$ cat model.txt   # compact mmCIF, C-alpha atoms and all ligand atoms
# COMPACT_ATOMS: atom_id res chain seq x y z
CA MET A 1 128.20 -27.77 -104.94
CA SER A 2 128.13 -26.54 -101.37
CA THR A 3 129.31 -28.76 -98.58
CA THR A 4 128.26 -28.36 -94.97
CA ALA A 5 130.85 -28.95 -92.28
CA PRO A 6 129.85 -31.86 -90.03
CA HIS A 7 128.71 -30.79 -86.60
CA VAL A 8 131.24 -31.33 -83.88
CA ARG A 9 129.88 -33.33 -80.98
CA PRO A 10 130.24 -31.85 -77.50
CA ARG A 11 133.07 -33.15 -75.35
CA VAL A 12 131.49 -35.59 -72.94
CA VAL A 13 132.99 -35.21 -69.49
CA THR A 14 132.24 -37.85 -66.90
CA THR A 15 134.29 -36.82 -63.88
CA VAL A 16 134.09 -33.88 -61.50
CA ALA A 17 137.89 -33.40 -61.73
CA GLU A 18 137.73 -33.00 -65.51
CA VAL A 19 134.89 -30.46 -65.29
CA ARG A 20 136.97 -28.45 -62.83
CA GLU A 21 139.95 -28.44 -65.22
CA ILE A 22 137.79 -27.24 -68.12
CA VAL A 23 136.15 -24.57 -66.01
CA ALA A 24 139.57 -23.32 -64.84
CA ALA A 25 140.80 -23.15 -68.45
CA GLU A 26 137.65 -21.31 -69.61
CA ARG A 27 137.91 -18.87 -66.71
CA ALA A 28 141.60 -18.30 -67.45
CA VAL A 29 140.65 -16.86 -70.86
CA GLY A 30 137.91 -14.72 -69.31
CA HIS A 31 134.93 -16.81 -70.40
CA THR A 32 131.61 -16.74 -68.59
CA ILE A 33 129.84 -20.08 -68.20
CA SER A 34 126.24 -21.28 -68.30
CA LEU A 35 124.82 -24.56 -67.08
CA THR A 36 121.64 -26.21 -68.31
CA PRO A 37 120.89 -29.14 -65.96
CA THR A 38 118.87 -31.94 -67.60
CA LEU A 39 117.85 -35.54 -67.18
CA GLY A 40 118.61 -36.05 -70.89
CA ALA A 41 116.06 -37.13 -73.55
CA LEU A 42 116.50 -33.63 -74.93
CA HIS A 43 113.75 -31.90 -76.91
CA ASP A 44 113.14 -28.42 -78.32
CA GLY A 45 112.34 -27.13 -74.82
CA HIS A 46 115.91 -27.90 -73.72
CA LEU A 47 117.27 -26.43 -76.94
CA SER A 48 115.52 -23.14 -76.17
CA HIS A 49 117.40 -23.06 -72.83
CA LEU A 50 120.61 -23.38 -74.80
CA ALA A 51 119.61 -20.70 -77.30
CA HIS A 52 119.15 -18.32 -74.37
CA ALA A 53 122.38 -19.49 -72.73
CA GLY A 54 124.23 -18.86 -76.01
CA LYS A 55 123.17 -15.21 -75.88
CA ILE A 56 124.42 -14.55 -72.35
CA ALA A 57 127.41 -16.84 -71.75
CA ASP A 58 130.65 -17.51 -73.62
CA THR A 59 130.71 -21.23 -72.83
CA ARG A 60 127.76 -23.58 -72.36
CA PHE A 61 127.64 -26.73 -70.26
CA VAL A 62 124.75 -29.19 -70.32
CA SER A 63 124.52 -31.80 -67.60
CA ILE A 64 122.81 -35.06 -68.43
CA PHE A 65 122.19 -37.12 -65.33
CA VAL A 66 119.17 -39.18 -64.37
CA ASN A 67 119.33 -38.35 -60.69
CA PRO A 68 118.10 -41.34 -58.61
CA LEU A 69 117.64 -39.11 -55.56
CA GLN A 70 114.63 -37.33 -57.06
CA PHE A 71 112.67 -40.48 -58.02
CA GLY A 72 110.41 -42.20 -55.49
CA PRO A 73 110.46 -46.01 -55.07
CA SER A 74 107.37 -46.47 -57.26
CA GLU A 75 108.38 -43.94 -59.91
CA ASP A 76 109.83 -44.25 -63.41
CA LEU A 77 113.60 -44.14 -62.68
CA ASP A 78 114.31 -47.35 -64.64
CA LYS A 79 111.93 -46.45 -67.42
CA TYR A 80 113.15 -42.85 -67.76
CA PRO A 81 114.41 -42.42 -71.37
CA ARG A 82 118.20 -42.50 -71.75
CA THR A 83 119.13 -41.28 -75.22
CA LEU A 84 122.68 -39.94 -74.88
CA ASP A 85 123.67 -40.53 -78.53
CA ASP A 86 120.67 -38.68 -79.86
CA ASP A 87 121.14 -35.92 -77.25
CA LEU A 88 124.74 -35.40 -78.36
CA ASP A 89 123.63 -35.04 -82.01
CA LYS A 90 121.12 -32.37 -81.00
CA LEU A 91 123.73 -30.50 -78.97
CA ALA A 92 126.30 -30.80 -81.79
CA ALA A 93 123.84 -29.13 -84.17
CA ILE A 94 123.69 -26.05 -81.94
CA GLY A 95 127.38 -25.95 -81.08
CA VAL A 96 127.29 -26.84 -77.37
CA PRO A 97 130.90 -27.59 -76.40
CA TYR A 98 130.57 -29.52 -73.12
CA VAL A 99 128.30 -32.19 -71.68
CA PHE A 100 128.75 -33.36 -68.12
CA ALA A 101 127.36 -36.88 -67.99
CA PRO A 102 128.56 -38.44 -64.73
CA SER A 103 127.77 -41.92 -63.47
CA VAL A 104 125.70 -42.36 -60.31
CA ASP A 105 128.92 -43.40 -58.53
CA GLU A 106 130.70 -40.23 -59.60
CA MET A 107 127.89 -38.08 -58.20
CA TYR A 108 127.18 -40.19 -55.11
CA PRO A 109 130.37 -42.14 -54.37
CA GLY A 110 129.18 -43.17 -50.92
CA GLY A 111 125.63 -44.00 -52.05
CA GLU A 112 122.77 -41.76 -50.97
CA PRO A 113 124.39 -38.74 -49.26
CA ASP A 114 123.87 -38.25 -45.50
CA VAL A 115 124.14 -34.50 -45.96
CA HIS A 116 121.64 -33.10 -48.40
CA VAL A 117 119.52 -30.06 -49.18
CA THR A 118 115.96 -29.98 -47.86
CA ALA A 119 113.44 -28.05 -49.88
CA GLY A 120 111.48 -26.65 -46.91
CA ARG A 121 107.78 -25.86 -46.68
CA VAL A 122 107.00 -25.22 -50.36
CA GLY A 123 108.99 -28.35 -51.21
CA SER A 124 106.34 -30.51 -49.55
CA LEU A 125 103.38 -28.99 -51.41
CA TYR A 126 101.84 -29.83 -54.84
CA GLU A 127 104.56 -31.84 -56.68
CA GLY A 128 106.30 -32.38 -53.36
CA HIS A 129 103.10 -33.73 -51.80
CA SER A 130 102.52 -36.15 -54.67
CA ARG A 131 106.21 -37.06 -54.89
CA PRO A 132 107.58 -37.02 -51.30
CA GLY A 133 111.30 -36.24 -51.19
CA HIS A 134 111.37 -35.27 -54.87
CA PHE A 135 112.51 -31.69 -54.35
CA ASP A 136 115.10 -32.62 -51.72
CA GLY A 137 116.61 -34.85 -54.41
CA VAL A 138 116.36 -32.13 -57.06
CA LEU A 139 117.91 -29.42 -54.89
CA THR A 140 120.68 -31.72 -53.68
CA VAL A 141 121.78 -32.57 -57.21
CA VAL A 142 121.37 -28.98 -58.43
CA ALA A 143 123.49 -27.71 -55.51
CA LYS A 144 126.17 -30.28 -56.38
CA LEU A 145 126.08 -29.35 -60.07
CA LEU A 146 126.37 -25.65 -59.20
CA LEU A 147 129.35 -26.37 -56.94
CA ILE A 148 131.02 -28.52 -59.59
CA VAL A 149 130.49 -26.29 -62.66
CA THR A 150 130.34 -22.93 -60.80
CA PRO A 151 128.39 -21.34 -63.67
CA ASP A 152 127.57 -17.64 -63.93
CA PHE A 153 124.13 -18.57 -65.30
CA VAL A 154 121.89 -21.58 -64.79
CA THR A 155 118.74 -22.13 -66.85
CA PHE A 156 115.44 -23.42 -65.41
CA GLY A 157 112.21 -23.81 -67.35
CA ASN A 158 108.93 -22.12 -66.45
CA LYS A 159 107.18 -25.43 -67.09
CA ASP A 160 108.60 -26.81 -63.84
CA ALA A 161 107.54 -23.66 -62.01
CA GLN A 162 107.77 -25.09 -58.50
CA GLN A 163 111.24 -26.48 -59.19
CA GLN A 164 112.35 -23.09 -60.52
CA PHE A 165 110.89 -21.35 -57.44
CA LEU A 166 112.71 -23.73 -55.08
CA VAL A 167 116.01 -23.39 -56.93
CA ARG A 168 115.73 -19.60 -56.62
CA GLN A 169 115.04 -20.00 -52.90
CA MET A 170 118.06 -22.27 -52.46
CA VAL A 171 120.31 -19.88 -54.41
CA ARG A 172 119.12 -17.02 -52.21
CA ASP A 173 119.21 -18.89 -48.89
CA LEU A 174 122.63 -20.48 -49.49
CA ASN A 175 124.19 -17.39 -51.16
CA ILE A 176 125.08 -19.25 -54.34
CA ALA A 177 126.61 -16.82 -56.84
CA VAL A 178 124.63 -17.71 -59.95
CA SER A 179 121.93 -16.00 -61.98
CA VAL A 180 118.86 -18.23 -62.41
CA GLU A 181 117.56 -17.71 -65.95
CA ALA A 182 113.86 -18.46 -66.51
CA ILE A 183 113.03 -20.08 -69.86
CA GLU A 184 109.56 -19.93 -71.43
CA THR A 185 107.69 -23.21 -71.87
CA VAL A 186 107.87 -24.57 -75.41
CA ARG A 187 104.60 -26.10 -76.63
CA GLU A 188 103.41 -28.40 -79.42
CA HIS A 189 101.12 -26.87 -82.07
CA ASP A 190 98.06 -27.82 -79.97
CA GLY A 191 99.41 -26.39 -76.71
CA LEU A 192 100.85 -29.51 -75.04
CA ALA A 193 103.97 -28.48 -73.12
CA LEU A 194 107.08 -30.31 -74.31
CA SER A 195 108.29 -32.93 -71.86
CA SER A 196 110.60 -35.91 -72.11
CA ARG A 197 107.70 -37.99 -70.76
CA ASN A 198 105.39 -37.11 -73.71
CA ARG A 199 107.04 -39.96 -75.64
CA PHE A 200 105.26 -42.45 -73.35
CA LEU A 201 101.81 -41.29 -74.54
CA ASP A 202 100.04 -43.47 -77.09
CA GLU A 203 97.89 -41.83 -79.77
CA LYS A 204 94.71 -41.63 -77.65
CA GLU A 205 96.58 -40.43 -74.58
CA ARG A 206 98.43 -37.84 -76.65
CA ARG A 207 95.06 -36.41 -77.78
CA ALA A 208 93.74 -36.45 -74.21
CA ALA A 209 96.92 -34.74 -72.92
CA ARG A 210 95.86 -31.57 -74.75
CA SER A 211 93.29 -31.06 -72.02
CA LEU A 212 95.98 -29.85 -69.59
CA SER A 213 96.84 -26.78 -71.65
CA LEU A 214 93.17 -26.38 -72.64
CA ALA A 215 92.27 -26.33 -68.94
CA LEU A 216 94.88 -23.65 -68.32
CA GLU A 217 93.52 -21.60 -71.23
CA ALA A 218 90.01 -21.94 -69.79
CA ALA A 219 91.36 -20.85 -66.41
CA ALA A 220 93.01 -17.78 -67.94
CA SER A 221 89.82 -16.80 -69.75
CA SER A 222 87.89 -16.93 -66.46
CA ALA A 223 90.47 -15.00 -64.42
CA ASP A 224 88.42 -11.79 -64.39
CA ARG A 225 85.52 -13.67 -62.73
CA GLY A 226 87.52 -14.77 -59.65
CA ILE A 227 89.03 -17.93 -58.18
CA ASP A 228 85.94 -20.15 -58.11
CA SER A 229 85.32 -19.52 -61.81
CA VAL A 230 88.96 -20.27 -62.64
CA ILE A 231 88.84 -23.61 -60.79
CA ALA A 232 85.45 -24.53 -62.28
CA ALA A 233 86.58 -23.72 -65.84
CA ALA A 234 89.79 -25.72 -65.57
CA GLN A 235 88.18 -28.67 -63.76
CA GLY A 236 85.35 -28.77 -66.28
CA THR A 237 87.83 -29.11 -69.15
CA LEU A 238 89.81 -31.86 -67.44
CA MET A 239 86.76 -33.83 -66.33
CA GLY A 240 85.63 -34.02 -69.96
CA GLU A 241 88.60 -36.32 -70.69
CA ALA A 242 88.11 -39.91 -69.54
CA LEU A 243 91.83 -40.74 -69.89
CA VAL A 244 92.92 -37.89 -67.64
CA GLU A 245 93.09 -38.42 -63.89
CA LEU A 246 93.60 -35.08 -62.14
CA ASP A 247 96.21 -35.06 -59.37
CA TYR A 248 95.99 -31.39 -58.35
CA LEU A 249 94.82 -28.05 -59.63
CA LYS A 250 96.07 -25.14 -57.52
CA ILE A 251 96.28 -21.39 -57.71
CA VAL A 252 99.34 -19.91 -56.02
CA ARG A 253 101.00 -16.54 -55.54
CA PRO A 254 104.11 -16.41 -57.72
CA GLU A 255 106.24 -14.71 -55.06
CA THR A 256 105.50 -17.19 -52.23
CA PHE A 257 104.20 -20.23 -54.11
CA LEU A 258 101.53 -20.54 -51.38
CA PRO A 259 97.83 -20.91 -52.24
CA VAL A 260 96.00 -17.64 -52.88
CA ASP A 261 93.34 -16.52 -50.36
CA ASP A 262 89.72 -16.47 -51.56
CA ASP A 263 89.71 -12.68 -51.83
CA TYR A 264 93.12 -12.39 -53.51
CA ARG A 265 93.35 -10.24 -56.64
CA GLY A 266 96.50 -9.92 -58.75
CA PRO A 267 99.07 -12.09 -60.50
CA ALA A 268 98.81 -15.81 -59.85
CA LEU A 269 99.97 -19.14 -61.22
CA VAL A 270 97.58 -21.97 -62.01
CA LEU A 271 99.31 -25.32 -61.47
CA VAL A 272 98.00 -28.57 -62.86
CA ALA A 273 99.25 -32.14 -62.58
CA ALA A 274 97.46 -35.15 -64.04
CA ARG A 275 98.01 -38.74 -65.02
CA VAL A 276 97.25 -39.48 -68.65
CA GLY A 277 97.22 -43.27 -68.85
CA THR A 278 100.33 -44.15 -66.86
CA THR A 279 102.18 -40.93 -67.66
CA ARG A 280 102.24 -38.08 -65.17
CA LEU A 281 102.28 -34.59 -66.73
CA ILE A 282 102.46 -31.11 -65.23
CA ASP A 283 101.86 -27.64 -66.64
CA ASN A 284 101.08 -24.13 -65.42
CA GLU A 285 99.92 -20.73 -66.61
CA ARG A 286 100.27 -17.19 -65.32
CA ILE A 287 96.97 -15.38 -64.84
CA THR A 288 95.81 -12.13 -63.26
CA LEU A 289 92.94 -12.70 -60.86
CA ALA A 290 90.28 -9.99 -60.82
CA GLY A 291 86.53 -10.00 -60.28
O1 LIG B 1 114.16 -30.63 -64.38
C1 LIG B 1 115.00 -31.56 -64.49
O2 LIG B 1 115.30 -32.03 -65.58
C2 LIG B 1 115.69 -32.10 -63.24
O3 LIG B 1 114.85 -32.00 -62.12
C3 LIG B 1 117.04 -31.45 -62.96
C4 LIG B 1 116.92 -29.97 -62.71
C5 LIG B 1 117.99 -31.71 -64.12
C6 LIG B 1 117.69 -32.06 -61.70
O4 LIG B 1 117.94 -33.41 -61.85
$ encode --input "model.txt" --output "structure tokens"
Amino acid sequence: MSTTAPHVRPRVVTTVAEVREIVAAERAVGHTISLTPTLGALHDGHLSHLAHAGKIADTRFVSIFVNPLQFGPSEDLDKYPRTLDDDLDKLAAIGVPYVFAPSVDEMYPGGEPDVHVTAGRVGSLYEGHSRPGHFDGVLTVVAKLLLIVTPDFVTFGNKDAQQQFLVRQMVRDLNIAVSVEAIETVREHDGLALSSRNRFLDEKERRAARSLSLALEAAASSADRGIDSVIAAAQGTLMGEALVELDYLKIVRPETFLPVDDDYRGPALVLVAARVGTTRLIDNERITLAG
């Protein structure tokens, strides 16, 4: 009879001082370090970040922190799923050694910080337009996490493409010595991008939510007929779903994240955000505009 060794749960670290001690000890034995910042409620998308991190770093940190700074007053901060026990089981199964799970007081001892990172022009577009202040909150906490953990590598998902773009900009503009690792979006069998918020969808909404990735597929198939066709194809798919309320559908240049001109040809990103019932979802797809 074969027995399987029980998985060892990650060490849960709640203070900045303790993280610094661990990092010093790992560095002392020559280990490189990765950080995967999360809000928790981990799913296979997060686990694919950690699979990548496991290939490039000796030691992996995951941060689990529902950052109040990035939620607007009418957003789902209180409702955001907090599933630490379940998250630790998932991380134990893939051998992650350290979780940094600070309290709000540990991260913001004086309350909302006076000094913070501002996300600049791109930070106020698309997601930033719909969620004012969101990216200032994201970049502020990411900067703090990078200063606390001082990782060699930090993973950011392609699903949150604007967030990843802004983190790269911050790392460049503030000379932060970290490599930003892009992680492919993980999708359900029908194309829906994995998100911690998918759990809020009821059965009908879950079916309707497929239309986001279907719209992006329709956009990609129309890319050789130019921008108007891309927009029409994607909008047509979304408008066929009564439960989906489109927030924005934009085509941007990957290197500037600014909207493409009408005569632009070349690589582009189609961004979509929509409310399905009460749940707000985002997704995106790379296309090559021709035509
Ligand atoms: O993408 C997220 O989960 C969050 O925005 C992040 C990067 C963990 C910052 O709170």
$ closest_residue --input "model.txt" --among "A:Gly291, A:Ser196, A:Asp263, A:Ile183" --to "A:Ala223" --atoms "all atoms listed in the file"
A:Gly291
$ residues_near_point --input "model.txt" --point "(87.2, -20.6, -58.1)" --cutoff "12 Å" --atoms "all atoms listed in the file" --output "list in words"
Ala219, Ala220, Ser222, Ala223, Asp224, Arg225, Gly226, Ile227, Asp228, Ser229, Val230, Ile231, Ala232, Ala233, Ala234, Gln235, Gly236, Leu249, Lys250, Ile251, Val260, Asp261, Asp262, Asp263, Tyr264, Val270, Leu289, Ala290 and Gly291 of chain A
$ residues_near_ligand --input "model.txt" --ligand "ligand LIG 1 (chain B)" --cutoff "6 Å" --atoms "only C-alpha atoms and all ligand atoms" --output "list of chain:residue names"
A:Pro37, A:Thr38, A:Leu39, A:Asn67, A:Val138, A:Val142
$ atom_distance --input "model.txt" --atom1 "atom CA of A:Phe71" --atom2 "atom CA of A:Asp44"
23.6 Å
$ residues_near_point --input "model.txt" --point "(97.1, -28.6, -76.7)" --cutoff "6 Å" --atoms "only C-alpha atoms" --output "list in words"
Asp190, Gly191, Leu192, Arg210 and Ser213 of chain A
$ closest_residue --input "model.txt" --among "A:Thr14, A:Ser195, A:Asn158, A:Ser124" --to "A:Glu181" --atoms "all atoms listed in the file"
A:Asn158
$ closest_residue --input "model.txt" --among "A:Arg187, A:Gly72, A:Gln162, A:Thr83" --to "A:His134" --atoms "all atoms listed in the file"
A:Gly72
$ atom_distance --input "model.txt" --atom1 "atom CA of A:Leu50" --atom2 "atom CA of A:Gly128"
27.3 Å
$ residues_around --input "model.txt" --residues "stretch 18-21 of chain A" --least-positions-apart "3" --cutoff "7 Å" --atoms "only C-alpha atoms" --output "ChimeraX atom specification"
/A:13,15,24-25,148-149
$ atom_distance --input "model.txt" --atom1 "atom CA of A:Leu84" --atom2 "atom CA of A:Ile64"
8.1 Å
$ closest_residue --input "model.txt" --among "A:Ile282, A:Ala119, A:Leu246, A:Met107" --to "A:Val141" --atoms "all atoms listed in the file"
A:Met107
$ closest_atom_pairs --input "model.txt" --of "stretch 36-67 of chain A" --to "stretch 152-156 of chain A" --cutoff "8 Å" --atoms "only C-alpha atoms" --output "Markdown table"
| residue | atom | partner | partner_atom | distance |
| --- | --- | --- | --- | --- |
| A:Thr36 | CA | A:Thr155 | CA | 5.2 |
| A:Pro37 | CA | A:Thr155 | CA | 7.4 |
| A:His49 | CA | A:Thr155 | CA | 6.2 |
| A:Ala53 | CA | A:Thr155 | CA | 7.4 |
| A:Ala57 | CA | A:Phe153 | CA | 7.4 |
$ residues_around --input "model.txt" --residues "A:Arg253" --least-positions-apart "2" --cutoff "9 Å" --atoms "only C-alpha atoms" --output "count of residues only"
11
$ build_atoms --input "model.txt" --residues "stretch 221-245 of chain A" --atoms "N, CA, C and O atoms" --output "short mmCIF file (atom, residue, chain, number, x, y, z; two decimals), keeping the file's coordinate frame"
data_model
loop_
_atom_site.label_atom_id
_atom_site.label_comp_id
_atom_site.auth_asym_id
_atom_site.auth_seq_id
_atom_site.Cartn_x
_atom_site.Cartn_y
_atom_site.Cartn_z
N SER A 221 90.96 -17.57 -69.23
CA SER A 221 89.82 -16.80 -69.75
C SER A 221 88.81 -16.46 -68.66
O SER A 221 87.96 -15.59 -68.85
N SER A 222 88.85 -17.19 -67.54
CA SER A 222 87.89 -16.93 -66.46
C SER A 222 88.49 -16.08 -65.35
O SER A 222 87.82 -15.84 -64.33
N ALA A 223 89.74 -15.65 -65.53
CA ALA A 223 90.47 -15.00 -64.42
C ALA A 223 89.78 -13.72 -63.94
O ALA A 223 89.89 -13.37 -62.77
N ASP A 224 89.06 -13.04 -64.84
CA ASP A 224 88.42 -11.79 -64.39
C ASP A 224 87.11 -12.06 -63.65
O ASP A 224 86.44 -11.13 -63.21
N ARG A 225 86.74 -13.36 -63.49
CA ARG A 225 85.52 -13.67 -62.73
C ARG A 225 85.85 -14.30 -61.37
O ARG A 225 84.96 -14.82 -60.70
N GLY A 226 87.15 -14.32 -61.00
CA GLY A 226 87.52 -14.77 -59.65
C GLY A 226 87.92 -16.25 -59.58
O GLY A 226 87.76 -17.01 -60.54
N ILE A 227 88.40 -16.61 -58.39
CA ILE A 227 89.03 -17.93 -58.18
C ILE A 227 88.09 -19.11 -58.46
O ILE A 227 88.44 -20.08 -59.13
N ASP A 228 86.85 -19.02 -57.94
CA ASP A 228 85.94 -20.15 -58.11
C ASP A 228 85.69 -20.43 -59.58
O ASP A 228 85.62 -21.59 -60.02
N SER A 229 85.56 -19.34 -60.38
CA SER A 229 85.32 -19.52 -61.81
C SER A 229 86.54 -20.14 -62.49
O SER A 229 86.40 -21.00 -63.38
N VAL A 230 87.73 -19.73 -62.05
CA VAL A 230 88.96 -20.27 -62.64
C VAL A 230 89.02 -21.78 -62.41
O VAL A 230 89.25 -22.57 -63.32
N ILE A 231 88.78 -22.17 -61.15
CA ILE A 231 88.84 -23.61 -60.79
C ILE A 231 87.76 -24.37 -61.57
O ILE A 231 88.04 -25.43 -62.15
N ALA A 232 86.55 -23.83 -61.60
CA ALA A 232 85.45 -24.53 -62.28
C ALA A 232 85.76 -24.70 -63.77
O ALA A 232 85.54 -25.78 -64.34
N ALA A 233 86.30 -23.65 -64.39
CA ALA A 233 86.58 -23.72 -65.84
C ALA A 233 87.65 -24.78 -66.13
O ALA A 233 87.50 -25.61 -67.03
N ALA A 234 88.70 -24.77 -65.32
CA ALA A 234 89.79 -25.72 -65.57
C ALA A 234 89.33 -27.15 -65.26
O ALA A 234 89.58 -28.08 -66.05
N GLN A 235 88.63 -27.32 -64.13
CA GLN A 235 88.18 -28.67 -63.76
C GLN A 235 87.22 -29.22 -64.80
O GLN A 235 87.29 -30.39 -65.16
N GLY A 236 86.33 -28.35 -65.28
CA GLY A 236 85.35 -28.77 -66.28
C GLY A 236 86.04 -29.32 -67.52
O GLY A 236 85.65 -30.37 -68.05
N THR A 237 87.10 -28.65 -67.95
CA THR A 237 87.83 -29.11 -69.15
C THR A 237 88.49 -30.47 -68.89
O THR A 237 88.43 -31.38 -69.72
N LEU A 238 89.09 -30.61 -67.73
CA LEU A 238 89.81 -31.86 -67.44
C LEU A 238 88.85 -33.03 -67.24
O LEU A 238 89.14 -34.17 -67.63
N MET A 239 87.69 -32.74 -66.61
CA MET A 239 86.76 -33.83 -66.33
C MET A 239 86.10 -34.35 -67.60
O MET A 239 85.59 -35.47 -67.63
N GLY A 240 86.17 -33.55 -68.68
CA GLY A 240 85.63 -34.02 -69.96
C GLY A 240 86.51 -35.07 -70.63
O GLY A 240 86.15 -35.61 -71.67
N GLU A 241 87.67 -35.36 -70.08
CA GLU A 241 88.60 -36.32 -70.69
C GLU A 241 88.71 -37.58 -69.84
O GLU A 241 89.33 -37.56 -68.78
N ALA A 242 88.15 -38.68 -70.34
CA ALA A 242 88.11 -39.91 -69.54
C ALA A 242 89.53 -40.41 -69.23
O ALA A 242 89.75 -41.02 -68.17
N LEU A 243 90.48 -40.18 -70.10
CA LEU A 243 91.83 -40.74 -69.89
C LEU A 243 92.68 -39.92 -68.94
O LEU A 243 93.81 -40.31 -68.63
N VAL A 244 92.13 -38.78 -68.51
CA VAL A 244 92.92 -37.89 -67.64
C VAL A 244 92.47 -38.01 -66.19
O VAL A 244 91.29 -37.84 -65.88
N GLU A 245 93.42 -38.34 -65.32
CA GLU A 245 93.09 -38.42 -63.89
C GLU A 245 93.81 -37.25 -63.19
O GLU A 245 95.06 -37.25 -63.11
#
